[in-house]
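Enquirer: Here it is: the structure, laid out below.
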Amino acid sequence: MSDCIFCRIIAGEIPGKKIYEDDELLAFHDVTPQAPVHFLVIPKRHIKNIMELESGDSSLIGRLLYRAQALAAELGCGEKGARFVINCKSDGGQTVDHLHCHVLGGRPLDWPPG
Ligand code: AMP
């Protein structure tokens with residue numbers, strides 16, 4: 001989608017600090033990091049949010065989560081862990097309508113969120 005900021009990062013139309021890319025996934029550092037490690041993993045296919053998933057997407061989402069934890073470990077979160085967050089729609093705090101998994105780590109994180 002031409003008006004989607006994450007689709008534009010995938011297309012190379014706007015810069016992103018990419019850390020992983022394959023045929024179906026992209027990971028890049030969040031532009032406003034909330035922790036020493038804060039990156040996003042997204043499907044290249046434009047899926048608006050987690051509630052738009054179809055049953056056939058389950059393996060894609062499995063690979064997305066696998067990649068999220070593998071990258072978290074590579075970036076130093078293997079021992080102490082990290083938080084894996086998928087915000088959805090307005091009540092979920094989603095601001096970019098392209099499915100993404102946040103990975104935050106490198107410091108202790110409070111729970112529950114405000
Ligand atoms: P959410 O609120 O869950 O939709 O998260 C969207 C995230 O995308 C926020 O943490 C933003 O800081 C991040 N973001 C927005 N634009 C960019 C960009 N151009 N490059 C990297 N991260 C971005």
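Chain identifiers are assigned as A, B, and so on, following the order in which chains appear in the structure tokens; residues are numbered from 1 within each chain, and ligands are numbered from 1 in order of appearance.
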Applying 9 Å and only C-alpha atoms, which residues near Met51 of chain A remain after dropping the ones on its own chain fewer than 2 positions away? List them as a CSV table (one decimal) with all heavy atoms, in the first residue's frame.

Expert:
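Ended up saving to around.csv:
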```csv
chain,number,residue,atom,x,y,z
A,48,LYS,N,-3.2,-5.5,8.0
A,48,LYS,CA,-3.4,-4.3,8.8
A,48,LYS,C,-3.2,-4.5,10.3
A,48,LYS,O,-2.6,-3.7,10.9
A,48,LYS,CB,-4.9,-3.8,8.6
A,48,LYS,CG,-5.1,-3.0,7.4
A,48,LYS,CD,-6.6,-2.6,7.2
A,48,LYS,CE,-7.1,-1.7,8.3
A,48,LYS,NZ,-8.6,-1.3,8.0
A,49,ASN,N,-3.6,-5.6,10.8
A,49,ASN,CA,-3.4,-5.9,12.2
A,49,ASN,C,-3.6,-7.4,12.5
A,49,ASN,O,-4.0,-8.1,11.6
A,49,ASN,CB,-4.4,-5.0,13.1
A,49,ASN,CG,-5.8,-5.3,12.7
A,49,ASN,OD1,-6.3,-6.4,12.9
A,49,ASN,ND2,-6.5,-4.2,12.2
A,53,LEU,N,-5.7,-11.5,10.4
A,53,LEU,CA,-5.1,-12.8,10.0
A,53,LEU,C,-6.1,-13.8,9.6
A,53,LEU,O,-7.3,-13.9,10.2
A,53,LEU,CB,-4.3,-13.4,11.2
A,53,LEU,CG,-3.0,-12.6,11.6
A,53,LEU,CD1,-2.4,-13.3,12.8
A,53,LEU,CD2,-2.0,-12.6,10.4
A,54,GLU,N,-5.8,-14.6,8.6
A,54,GLU,CA,-6.6,-15.7,8.2
A,54,GLU,C,-5.9,-17.0,8.6
A,54,GLU,O,-4.7,-17.0,8.9
A,54,GLU,CB,-6.8,-15.7,6.7
A,54,GLU,CG,-7.6,-14.4,6.3
A,54,GLU,CD,-7.6,-14.1,4.8
A,54,GLU,OE1,-7.1,-15.0,4.1
A,54,GLU,OE2,-8.2,-13.1,4.4
A,88,CYS,N,-3.0,-3.7,18.7
A,88,CYS,CA,-4.0,-3.9,17.7
A,88,CYS,C,-5.1,-2.9,17.8
A,88,CYS,O,-5.7,-2.8,18.9
A,88,CYS,CB,-4.6,-5.3,17.8
A,88,CYS,SG,-5.9,-5.7,16.6
A,89,LYS,N,-5.3,-2.1,16.8
A,89,LYS,CA,-6.3,-1.1,16.7
A,89,LYS,C,-6.2,0.0,17.8
A,89,LYS,O,-5.2,0.0,18.5
A,89,LYS,CB,-7.7,-1.7,16.6
A,89,LYS,CG,-7.9,-2.7,15.4
A,89,LYS,CD,-9.4,-3.1,15.3
A,89,LYS,CE,-9.5,-4.1,14.3
A,89,LYS,NZ,-10.9,-4.6,14.1
```

Enquirer: Residues at most 10 Å from ligand 1, using only C-alpha atoms and all ligand atoms? Could they come as a ChimeraX atom specification?

Expert: /A:4-6,8-9,14-18,27-34,38-40,49,85-90,92-102

Enquirer: Considering only C-alpha atoms, return as number ranges by chain whatever protein or nucleic-acid residues lie within 6 Å of Val37 of chain A, sequence-local ones (same chain, fewer than 3 positions apart) excluded.

Expert: A: 104-106

Enquirer: Segment 60-66 of chain A: which residues within 7 Å, counting only C-alpha atoms, same-chain residues fewer than 4 positions away excluded, as a ChimeraX atom specification?

Expert: /A:25,41,70

Enquirer: As a PyMOL selection string, list the residues of segment 36-83 of chain A assigned to helix (DSSP H, G or I) by DSSP on the backbone atoms of this structure.

Expert: chain A and resi 50-52+55-77

Enquirer: For N, CA and C atoms, I'd like the residues from the last selection saved as a PDB file, in the first residue's frame.

Expert:
```pdb
ATOM      1  N   ILE A  50      -3.396  -7.788  13.713  1.00  0.00           N
ATOM      2  CA  ILE A  50      -3.455  -9.217  14.026  1.00  0.00           C
ATOM      3  C   ILE A  50      -4.866  -9.771  13.844  1.00  0.00           C
ATOM      4  N   MET A  51      -5.890  -8.929  13.948  1.00  0.00           N
ATOM      5  CA  MET A  51      -7.261  -9.408  13.787  1.00  0.00           C
ATOM      6  C   MET A  51      -7.639  -9.612  12.319  1.00  0.00           C
ATOM      7  N   GLU A  52      -6.753  -9.248  11.404  1.00  0.00           N
ATOM      8  CA  GLU A  52      -6.983  -9.484   9.975  1.00  0.00           C
ATOM      9  C   GLU A  52      -6.372 -10.810   9.507  1.00  0.00           C
ATOM     10  N   SER A  55      -6.661 -18.138   8.589  1.00  0.00           N
ATOM     11  CA  SER A  55      -6.088 -19.394   9.089  1.00  0.00           C
ATOM     12  C   SER A  55      -4.827 -19.780   8.318  1.00  0.00           C
ATOM     13  N   GLY A  56      -4.775 -19.444   7.050  1.00  0.00           N
ATOM     14  CA  GLY A  56      -3.617 -19.777   6.241  1.00  0.00           C
ATOM     15  C   GLY A  56      -2.369 -18.975   6.592  1.00  0.00           C
ATOM     16  N   ASP A  57      -2.523 -17.972   7.451  1.00  0.00           N
ATOM     17  CA  ASP A  57      -1.386 -17.142   7.839  1.00  0.00           C
ATOM     18  C   ASP A  57      -0.647 -17.688   9.052  1.00  0.00           C
ATOM     19  N   SER A  58      -1.091 -18.824   9.592  1.00  0.00           N
ATOM     20  CA  SER A  58      -0.509 -19.269  10.866  1.00  0.00           C
ATOM     21  C   SER A  58       0.977 -19.595  10.740  1.00  0.00           C
ATOM     22  N   SER A  59       1.393 -20.172   9.612  1.00  0.00           N
ATOM     23  CA  SER A  59       2.821 -20.489   9.496  1.00  0.00           C
ATOM     24  C   SER A  59       3.646 -19.212   9.307  1.00  0.00           C
ATOM     25  N   LEU A  60       3.105 -18.243   8.609  1.00  0.00           N
ATOM     26  CA  LEU A  60       3.796 -16.955   8.465  1.00  0.00           C
ATOM     27  C   LEU A  60       4.018 -16.323   9.841  1.00  0.00           C
ATOM     28  N   ILE A  61       2.995 -16.329  10.672  1.00  0.00           N
ATOM     29  CA  ILE A  61       3.118 -15.720  11.997  1.00  0.00           C
ATOM     30  C   ILE A  61       4.064 -16.542  12.880  1.00  0.00           C
ATOM     31  N   GLY A  62       4.057 -17.829  12.709  1.00  0.00           N
ATOM     32  CA  GLY A  62       5.030 -18.647  13.426  1.00  0.00           C
ATOM     33  C   GLY A  62       6.455 -18.267  13.051  1.00  0.00           C
ATOM     34  N   ARG A  63       6.672 -18.079  11.758  1.00  0.00           N
ATOM     35  CA  ARG A  63       8.028 -17.693  11.325  1.00  0.00           C
ATOM     36  C   ARG A  63       8.378 -16.287  11.802  1.00  0.00           C
ATOM     37  N   LEU A  64       7.379 -15.404  11.835  1.00  0.00           N
ATOM     38  CA  LEU A  64       7.634 -14.042  12.332  1.00  0.00           C
ATOM     39  C   LEU A  64       8.075 -14.091  13.803  1.00  0.00           C
ATOM     40  N   LEU A  65       7.363 -14.867  14.617  1.00  0.00           N
ATOM     41  CA  LEU A  65       7.721 -14.943  16.038  1.00  0.00           C
ATOM     42  C   LEU A  65       9.058 -15.657  16.227  1.00  0.00           C
ATOM     43  N   TYR A  66       9.296 -16.682  15.426  1.00  0.00           N
ATOM     44  CA  TYR A  66      10.600 -17.346  15.509  1.00  0.00           C
ATOM     45  C   TYR A  66      11.713 -16.335  15.221  1.00  0.00           C
ATOM     46  N   ARG A  67      11.541 -15.543  14.163  1.00  0.00           N
ATOM     47  CA  ARG A  67      12.575 -14.571  13.795  1.00  0.00           C
ATOM     48  C   ARG A  67      12.729 -13.512  14.883  1.00  0.00           C
ATOM     49  N   ALA A  68      11.608 -13.099  15.490  1.00  0.00           N
ATOM     50  CA  ALA A  68      11.667 -12.081  16.550  1.00  0.00           C
ATOM     51  C   ALA A  68      12.543 -12.563  17.703  1.00  0.00           C
ATOM     52  N   GLN A  69      12.340 -13.793  18.144  1.00  0.00           N
ATOM     53  CA  GLN A  69      13.143 -14.258  19.284  1.00  0.00           C
ATOM     54  C   GLN A  69      14.581 -14.512  18.882  1.00  0.00           C
ATOM     55  N   ALA A  70      14.814 -14.978  17.657  1.00  0.00           N
ATOM     56  CA  ALA A  70      16.193 -15.213  17.213  1.00  0.00           C
ATOM     57  C   ALA A  70      16.970 -13.901  17.151  1.00  0.00           C
ATOM     58  N   LEU A  71      16.326 -12.856  16.636  1.00  0.00           N
ATOM     59  CA  LEU A  71      16.995 -11.554  16.565  1.00  0.00           C
ATOM     60  C   LEU A  71      17.192 -10.969  17.961  1.00  0.00           C
ATOM     61  N   ALA A  72      16.203 -11.163  18.847  1.00  0.00           N
ATOM     62  CA  ALA A  72      16.352 -10.681  20.225  1.00  0.00           C
ATOM     63  C   ALA A  72      17.595 -11.319  20.852  1.00  0.00           C
ATOM     64  N   ALA A  73      17.769 -12.599  20.645  1.00  0.00           N
ATOM     65  CA  ALA A  73      18.944 -13.276  21.194  1.00  0.00           C
ATOM     66  C   ALA A  73      20.226 -12.725  20.570  1.00  0.00           C
ATOM     67  N   GLU A  74      20.203 -12.523  19.258  1.00  0.00           N
ATOM     68  CA  GLU A  74      21.392 -11.980  18.586  1.00  0.00           C
ATOM     69  C   GLU A  74      21.754 -10.595  19.097  1.00  0.00           C
ATOM     70  N   LEU A  75      20.747  -9.836  19.511  1.00  0.00           N
ATOM     71  CA  LEU A  75      20.990  -8.464  19.968  1.00  0.00           C
ATOM     72  C   LEU A  75      21.210  -8.395  21.475  1.00  0.00           C
ATOM     73  N   GLY A  76      21.423  -9.528  22.096  1.00  0.00           N
ATOM     74  CA  GLY A  76      21.881  -9.524  23.484  1.00  0.00           C
ATOM     75  C   GLY A  76      20.832  -9.792  24.532  1.00  0.00           C
ATOM     76  N   CYS A  77      19.609 -10.177  24.111  1.00  0.00           N
ATOM     77  CA  CYS A  77      18.523 -10.386  25.074  1.00  0.00           C
ATOM     78  C   CYS A  77      18.334 -11.850  25.443  1.00  0.00           C
TER      79      CYS A  77
END
```

Enquirer: Mind the document's chain letters and residue numbers, and return as a PyMOL selection string the residues of chain A that DSSP labels strand (DSSP E or B).

Expert: chain A and resi 18-21+25-29+37-43+82-85+101-105

Enquirer: Using only C-alpha atoms, can you tell me which of A:Ala35, A:Ile47, A:Met1, A:Ala11 comes closest to Asp110 of chain A?

Expert: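 Smallest separation from Asp110 of chain A among the options: A:Ala35.
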
Enquirer: As an exercise, work out the distance from atom CA of Val103 of chain A to atom CA of Arg83 of chain A in Å and give it to one decimal place.

Expert: 5.6 Å
